[in-house]
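J.: Just dropping this structure here.
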Amino acid sequence: MSSNLIIVESPAKAKTIEKFLGKDYKVKSSFGHIRNLVKKNFGIDIDNNYKPKYEVLADKREIVAELRDEVKNSTSILLASDEDREGEAIAWHLWEVLKLNKKNTKRIVFNEITKPAIKKAVANPRNINLDLVNSQQARRVLDRLVGFKLSAVLWKKVKSKLSAGRVQSVAVKLLVEREREIIDFKPVSSYKITAIFEAVDINGDVKKIETELSKRFDNEQEAVDFINKTGKSLHTVKSIVKKPAKKSPSPPFTTSSLQQEASRKLNFPVLKTMRVAQKLYEAGKITYMRTDSVNLSETSQKNIKEEILKEFGNKYYKKRNYKTKVKGAQEAHEAIRPTYIKNKSAGKDNDERRLYELIRNRTIASQMSNAEFERTVIKINISNNELYYSVVGEVLIFDGFLRVYSYAGGERKTVFLPKLKVGQKVDLEQIDAIEKFTKHQPRYTEASLVRKLEELGIGRPSTYAPTISTIQNRGYVIKENREGQEREYIHIKYNNVKIKKYKKKEIFGAEKSKLFPTDVAMVVTDFLSDNFNNIMNYNFTADVEKEFDDIADGKLVWYEMIDKFYKDFHTKVEDTIKNADRNTGERILGKDSKTGKQIMVRIGKYGPIVQLGVPEDKDKPIFASISKEYHIETINLKEALGVLNNSSNGRLLGKDPKTGREIYVRFARYGAVVQIGKAGDKEKPKFASLLKGMKIDKITLEEALELLKLPRDVGMYESKKVVVAIGRYGPYIRHDSKFTSLKKEDNPLTVSLERAIILIEQKREKDRKNIIKEFKEDETVKIIKDRWGRTCIVQNKKYYNIKDIKNPEKLTLKKCLALIEKMSGGTNNKKPTRKKKK
DNA sequence: CAGTGAGCGAGCTTCCGCTTGACTT
């Protein structure tokens, strides 16, 4: 009989540990936090030393009940949540909720999941550290107060349903500040001078070298003057300097650096990286993927060493210990590494295999020797000018860690230079002066924003990906591509005889999967910065973290720290609600020359709008949504007029030849639509979303008419209608009340019945493969593999997960119905009960 | 999914961190 209970945070961890400890120990998981602050009144009794009021999370009730049973059957309980602030708090919440007592309950910690480490932890139990728990409570209470109070201010002063918080508001501010820098950026051009020389090397062979001048010129005239002055000058080798250079590997992965590299090398968004890593973790292939530690355990370092020696030899090995430089790191885990470094490949699909390989290579590289280069700089003298040309050659002498891992910036180019002598004459063959423009700072990607937040010590590994999602879901940020623009630049060529000038074109400023702040983000950031500058300060988190540390060290009482913060904060909140103007980013652009009415832009109830006229006008004002191509801050009167003409009632495309009703195209709440008729018409207007790539100001009447034909009957199949339409998730086929998505290459306006049937059959084939068992007696019940590969019973479109059942193909109908009965009861209880209101 | 936008007001929204399910067209 097992009589010892160990509770950890993660079920995957529980499984591993149970194997190490034998049958006297049962290892269970709490699945993270089990309690949270209630929502009512902030869940905090502000007048009573900020006493928190907790409730068991709705989806943890079952787990808590289960743990309660286990506790009853155990003689000793070991709380083994992570060794950090949050982990200590989880242990304490378990203690409180499970009504544990000092007699049989201890706290243990380990940061390596190996048999000796766990045995050692079990042998050295301690008590819960209440100071550490209190520092977590302070963190939690502060975040709740800041988050809920600030959000409520925004609802009143900007727009309903907005949100603000210690982490997200700063993340948005980073994007807004960068965007403004970019908007204000004025590219400056200069002239880069390059020259090609012919030189006789020490073997007597003639070689070419491409060099660059030590200075760029501010304008075309200076560049031309320089060429005129030095085109016929004597050029000689001024110096040749050789220097060894080296490059060290990067530390093994943390959550943040894994997200960077998966984004850069595999093109994964951060959420995908975490999802794929989670799969590898659950399968036991990698260590925990939410960590800020770059530490490798002794054991794993030993294994990595063996692997390197075996695969590459002694020359490639170098023992390295890494230290985190990140502010506020808590290091409850190891770095992310393969559990068994010997496994060269792991994972069930391509994404998992690629991510595993990336993790493995990075881990191995982190214990390998430096890459070594030889760098040579040759400088060329100009007889009648103090400027000089130079060229850098680089040759890889020893690849070291580069054998398995290329570092940021991609492959280093090998440049060989001819062997020359100092003082020798070289012959000028060609000079090019090319106009170059300065570039603005890059926009953030998901991954680079995470890196910046980590650098500032804001947010935690478990929240980086969710934070990036939140700011997108709240409408503060959109991730998108932007096409580049064309511009002209000047290229002056001198071929040792005469100068020629060319005008050339280049594309610049193209963006791929970048984060763009919306108008709402700009208005909210300004509002919060004006009124709550301390919280918007990039150092706010780092400063409060210092105080949390003091609480953990027993040097500060947590509610006194909160009180000191809250007194000022609360006053400021009240003051802002009372005195601050509504901030909707309102900007008056000018007057409409036709009607004489005022035109302005601002944030409306549903997003940015242009407004013609003010409410006091007799005639109602006209409103028009602003598309993402324009910004409230930069749109001008002419563009606003364009938006008004294109919207409100929409841009009139023409009349429907069939019905004679007018057809408009405009922006609606969820994107661009074409519309037949108006709201006031007797006949109701009909709408159709625009296809991807269609632009409101480009679409023609013909295209609009085509769109309005959707949903489109394409014919009959098996005596049932086949209908094509565009839905929330893109174009689809509906047949026999089943949905099939169209492929990228299919056009819903033209797709044929034949093609539709092929797609329907493909879908059926795929579904058929997933059917495990059907019942003749009752065709509504099936056992299938669902979209995510889990075994389920399905009845009336409801799915009942039975992944824990072995041999599902042997289930009888009776048994299935019993399972459905049981589970529908279970799932209904799980859902949080909602108050019904009339 | 839906075709709004003033202002009024009811009733809603919202935070950060720790975990994994559940999930639909």
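Just so we're on the same page: first chain in the structure tokens is A, next is B, and so on; residues restart at 1 for each chain, and ligands are numbered from 1 in the order they show up.
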Which residues are near stretch 433-443 of chain A? Cut-off 9 Å, only C-alpha atoms (C1' of nucleotides), ignore same chain within fewer than 6 positions. Put them as a PyMOL selection string.

T.: chain A and resi 175+178-179+181-182+185-195+219-220+223-224+227+489-494+509+511+514-516

J.: Give me a file of those residues, with C-alpha atoms, as a short mmCIF file (atom, residue, chain, number, x, y, z; two decimals), in the first residue's frame.

T.:
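Final file, part33.cif:
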data_model
loop_
_atom_site.label_atom_id
_atom_site.label_comp_id
_atom_site.auth_asym_id
_atom_site.auth_seq_id
_atom_site.Cartn_x
_atom_site.Cartn_y
_atom_site.Cartn_z
CA LEU A 175 5.10 48.96 -29.65
CA ARG A 178 8.60 52.19 -31.71
CA GLU A 179 5.77 52.92 -34.15
CA GLU A 181 9.75 56.59 -33.97
CA ILE A 182 9.09 54.94 -37.31
CA PHE A 185 11.65 58.77 -39.12
CA LYS A 186 13.07 60.67 -42.07
CA PRO A 187 15.52 58.63 -44.10
CA VAL A 188 18.79 60.39 -44.83
CA SER A 189 20.80 59.43 -47.86
CA SER A 190 24.53 59.28 -48.27
CA TYR A 191 26.86 57.97 -50.92
CA LYS A 192 28.75 54.76 -50.31
CA ILE A 193 31.94 54.54 -52.38
CA THR A 194 33.29 51.18 -53.44
CA ALA A 195 36.23 50.50 -55.73
CA ASN A 219 25.57 64.23 -51.37
CA GLU A 220 26.05 63.48 -55.04
CA ALA A 223 30.94 61.94 -54.42
CA VAL A 224 31.51 63.17 -57.97
CA ILE A 227 35.96 60.59 -58.12
CA TYR A 489 18.26 56.03 -55.86
CA ILE A 490 21.31 57.27 -57.72
CA HIS A 491 24.17 55.12 -58.85
CA ILE A 492 27.30 56.82 -60.22
CA LYS A 493 29.75 54.66 -62.08
CA TYR A 494 33.34 55.47 -63.03
CA GLY A 509 10.15 48.89 -45.94
CA GLU A 511 7.40 43.86 -43.34
CA LYS A 514 5.31 42.23 -37.61
CA LEU A 515 3.33 43.69 -34.71
CA PHE A 516 1.57 46.98 -35.46
#

J.: Report as JSON lines the residues of chain B within 7 Å of chain A, each with its shortest atom pair and distance in Å (one decimal), using only C-alpha atoms (C1' of nucleotides), ordered by chain and increasing residue number.

T.:
{"residue": "B:DA2", "atom": "C1'", "partner": "A:Arg669", "partner_atom": "CA", "distance": 6.8}
{"residue": "B:DG3", "atom": "C1'", "partner": "A:Ala668", "partner_atom": "CA", "distance": 6.4}
{"residue": "B:DG5", "atom": "C1'", "partner": "A:Gly604", "partner_atom": "CA", "distance": 5.8}
{"residue": "B:DA6", "atom": "C1'", "partner": "A:Pro615", "partner_atom": "CA", "distance": 5.7}
{"residue": "B:DT13", "atom": "C1'", "partner": "A:Lys161", "partner_atom": "CA", "distance": 4.4}
{"residue": "B:DT14", "atom": "C1'", "partner": "A:Phe148", "partner_atom": "CA", "distance": 5.3}
{"residue": "B:DC15", "atom": "C1'", "partner": "A:Gly147", "partner_atom": "CA", "distance": 3.9}
{"residue": "B:DC16", "atom": "C1'", "partner": "A:Asp143", "partner_atom": "CA", "distance": 6.1}
{"residue": "B:DG17", "atom": "C1'", "partner": "A:Thr463", "partner_atom": "CA", "distance": 6.9}
{"residue": "B:DC18", "atom": "C1'", "partner": "A:Gly32", "partner_atom": "CA", "distance": 4.2}
{"residue": "B:DT19", "atom": "C1'", "partner": "A:Gly32", "partner_atom": "CA", "distance": 3.8}
{"residue": "B:DT20", "atom": "C1'", "partner": "A:Phe31", "partner_atom": "CA", "distance": 6.7}
{"residue": "B:DT25", "atom": "C1'", "partner": "A:Phe739", "partner_atom": "CA", "distance": 5.2}

J.: Report the distance between atom CA of A:Thr324 and atom CA of A:Leu449 in Å, rounded to one decimal place.

T.: 18.8 Å

J.: For stretch 478-486 of chain A, please output as a PyMOL selection string all residues within 12 Å (counting only C-alpha atoms (C1' of nucleotides); exclusion window: fewer than 2 positions along the same chain).

T.: chain A and resi 172+175+269+443-447+468-476+488-489+504-521+628-629

J.: Could you state the separation of atom CA of A:Thr291 and atom CA of A:Pro466 in Å, given to one decimal place?

T.: 15.0 Å

J.: Which residues, written as a ChimeraX atom specification, have at least one atom at most 6 Å from stretch 571-586 of chain A, with only C-alpha atoms (C1' of nucleotides) counted and residues fewer than 4 positions away on the same chain left out?

T.: /A:157-158,523,601-603

J.: Using the selection just defined, write its residues with C-alpha atoms as a compact mmCIF listing (two decimals), in the first residue's frame.

T.:
# COMPACT_ATOMS: atom_id res chain seq x y z
CA LYS A 157 -12.51 57.39 -20.23
CA VAL A 158 -11.69 55.66 -23.50
CA VAL A 523 -4.72 56.59 -27.36
CA VAL A 601 -11.24 61.47 -36.43
CA ARG A 602 -11.51 59.64 -33.11
CA ILE A 603 -12.00 56.25 -31.45

J.: For A:Gly457, work out the shell of residues within 9 Å, counting only C-alpha atoms (C1' of nucleotides) and skipping chain neighbours fewer than 6 positions away, then give it as a PyMOL selection string.

T.: chain A and resi 326-329+539+541-542

J.: Hey, can you spit out that residue selection with C-alpha atoms as a compact mmCIF listing (two decimals), in the first residue's frame?

T.:
# COMPACT_ATOMS: atom_id res chain seq x y z
CA VAL A 326 18.06 38.44 -16.87
CA LYS A 327 16.45 40.61 -14.20
CA GLY A 328 14.20 38.82 -11.77
CA ALA A 329 14.92 35.31 -13.02
CA ASN A 539 11.37 50.10 -14.29
CA THR A 541 8.25 45.88 -12.38
CA ALA A 542 11.93 45.76 -11.49

J.: Which value, in Å to one decimal, gives the distance between atom C1' of B:DG9 and atom CA of A:Lys156?

T.: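 Between these atoms lies a distance of 13.1 Å.
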
J.: May I have all residues of stretch 314-493 of chain A that DSSP, computed from the backbone, assigns to strand (DSSP E or B), given as a PyMOL selection string?

T.: chain A and resi 317+336+338+368+371-382+385-398+415+425-437+477-482+485-493

J.: If we count only C-alpha atoms (C1' of nucleotides) and set the cut-off at 9 Å, which residues sit around A:Glu809, ignoring sequence neighbours fewer than 3 positions away in its own chain? Please answer as a list in words.

T.: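 Result of the neighbour search: Ile772, Lys773, Ile783, Lys806 and Thr812 of chain A.
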
J.: Please produce a file of those selected residues containing N, CA and C atoms, as a CSV table (one decimal), in the first residue's frame.

T.:
chain,number,residue,atom,x,y,z
A,772,ILE,N,-13.4,4.7,-35.6
A,772,ILE,CA,-13.0,3.5,-35.0
A,772,ILE,C,-14.1,2.5,-35.0
A,773,LYS,N,-15.3,2.9,-34.6
A,773,LYS,CA,-16.4,2.0,-34.6
A,773,LYS,C,-17.7,2.7,-34.8
A,783,ILE,N,-17.6,5.9,-32.5
A,783,ILE,CA,-16.3,6.1,-31.8
A,783,ILE,C,-15.3,6.6,-32.9
A,806,LYS,N,-8.8,1.8,-22.8
A,806,LYS,CA,-8.0,0.9,-23.7
A,806,LYS,C,-8.9,0.1,-24.6
A,812,THR,N,-19.1,-1.6,-26.4
A,812,THR,CA,-20.4,-1.9,-26.9
A,812,THR,C,-21.2,-0.6,-26.9
